[in-house]
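Colleague: Following this message is one structure expressed as structure tokens.
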Amino acid sequence: MDEATYERFDTNAGFQAAIERLLAQPGRELRVFDPDASSLRLNDPARIGALEAFLNASRTRRIYMVVHQTDHILRQCPRFLGLLARFSHAVQVNRSHEHIRELQDAFLVLDSQHYVRRSVAAFYRGAAGFGDDIEALAMRQRFMEIWEASYPGVASTTVGL
């Protein structure tokens with residue numbers, strides 16, 4: 001196995017590049033925790049294309065996301081909602097329970113090998129690690145704790161007009 005590599009970023013452009021590199025890695029399960037998902041560009045055609053390519057690469061690929069607030073996704077991300085409808089079997093977006101809403105970091109972890117993390121979601125300063133099994137596994141376990149403290153938050157269908 002290759003040695004782990006790390007990249008630091010402190011701009012939005014650096015953060016977005018780290019996400020693109022993460023999505024290009026081989027993997028099966030992408031887990032995302034972000035307070036409101038507004039920094040993830042979930043209405044950007046290129047980002048939706050990358051997520052769709054990730055999901056299309058294998059029937060076993062999954063995306064799990066937890067957010068504190070769903071407003072941004074529901075109001076500003078029709079492309080992501082379309083992706084969610086097309087891949088409702090593979091994408092789940094949960095909302096955190098009230099008692100963990102003080103968490104203000106944000107991260108994406110692919111399997112237990114690669115991650116992109118910002119210690120404070122309001123800022124673009126953070127780091128990405130590729131091939132770091134130890135840190136990525138710890139982040140995956142943390143995500144599972146957050147997932148346990150969440151409930152389904154964004155449905156793949158819209159009800160009523």
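Each chain of the structure tokens is named A, B, ... in the order shown, its residues numbered from 1; ligands are numbered from 1 in display order.
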Please provide as a VMD selection string all residues within 7 Å of segment 140-157 of chain A, with the sequence filter that same-chain residues fewer than 3 positions apart are discarded (counting only C-alpha atoms).
Modeller: chain A and resid 66 70 81 84 to 85 88 93 to 97 109 112 136 to 137
Colleague: Write out the residues from the selection above, keeping C-alpha atoms, as a PDB file, in the first residue's frame.
Modeller:
```pdb
ATOM      1  CA  VAL A  66     -25.860  14.273   8.360  1.00  0.00           C
ATOM      2  CA  THR A  70     -31.816  20.987   5.924  1.00  0.00           C
ATOM      3  CA  LEU A  81     -32.573  16.596  -4.747  1.00  0.00           C
ATOM      4  CA  LEU A  84     -31.354  11.897  -4.334  1.00  0.00           C
ATOM      5  CA  ALA A  85     -34.532  10.928  -6.220  1.00  0.00           C
ATOM      6  CA  SER A  88     -32.838   6.975  -3.347  1.00  0.00           C
ATOM      7  CA  VAL A  93     -29.572  12.515   4.248  1.00  0.00           C
ATOM      8  CA  ASN A  94     -30.267  12.714   7.975  1.00  0.00           C
ATOM      9  CA  ARG A  95     -30.760  15.640  10.316  1.00  0.00           C
ATOM     10  CA  SER A  96     -28.996  15.707  13.672  1.00  0.00           C
ATOM     11  CA  HIS A  97     -30.902  15.572  16.922  1.00  0.00           C
ATOM     12  CA  VAL A 109     -14.718  10.361   4.930  1.00  0.00           C
ATOM     13  CA  SER A 112     -11.868   4.146   6.247  1.00  0.00           C
ATOM     14  CA  ALA A 136      -9.980   7.948   8.532  1.00  0.00           C
ATOM     15  CA  LEU A 137     -11.195   4.998  10.629  1.00  0.00           C
TER      16      LEU A 137
END
```
Colleague: Give me, as number ranges by chain, all polymer residues having an atom no more than 12 Å from segment 52-56 of chain A, counting only C-alpha atoms and skipping those fewer than 2 positions away in the same chain.
Modeller: A: 20-30, 42, 45-50, 58-64, 79-80, 82-91, 110
Colleague: Residues near Phe9 of chain A, anyone? I mean within 10 Å using only C-alpha atoms, not counting same-chain ones fewer than 2 positions away, as a VMD selection string.
Modeller: chain A and resid 7 11 to 18 116 to 118 124 to 128
Colleague: Which residues are close to Val67 of chain A, i.e. within 6 Å by only C-alpha atoms, leaving aside same-chain residues fewer than 5 positions away? Reply as a list of chain:residue names.
Modeller: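 Within the cut-off, the hits are A:Asp34, A:Pro35, A:Asp36, A:Arg95.
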Colleague: Since we have the selection now, will you write its residues out, keeping C-alpha atoms, as a compact mmCIF listing (two decimals), in the first residue's frame?
Modeller:
```txt
# COMPACT_ATOMS: atom_id res chain seq x y z
CA ASP A 34 -21.68 19.32 7.70
CA PRO A 35 -23.82 21.80 9.67
CA ASP A 36 -25.89 22.90 6.65
CA ARG A 95 -30.76 15.64 10.32
```
Colleague: Using atom CA of Gln92 of chain A and atom CA of Gln104 of chain A as the two end points, give the distance in Å to one decimal.
Modeller: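 Pair atom CA of Gln92 of chain A / atom CA of Gln104 of chain A returns 20.8 Å.
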Colleague: Just checking: using only C-alpha atoms, which residue out of A:Ile73, A:Ala4, A:Ile19, A:Ala57 ends up closest to Asn43 of chain A?
Modeller: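 Smallest separation from Asn43 of chain A among the options: A:Ile73.
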Colleague: Taking only C-alpha atoms into account, name the residue in A:Arg41, A:His114, A:Val120, A:Asp71 that is nearest to Glu102 of chain A.
Modeller: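 Among the listed residues, the smallest separation from Glu102 of chain A belongs to A:Val120.
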Colleague: Suppose you want the space between atom CA of Asp105 of chain A and atom CA of Asp133 of chain A; what is it in Å?
Modeller: 20.2 Å
Colleague: Please extract the residues of chain A with a backbone DSSP assignment of strand (DSSP E) and present them as a PyMOL selection string.
Modeller: chain A and resi 5-9+29-34+62-67+91-96+106-110+114-118+126-130+150-154
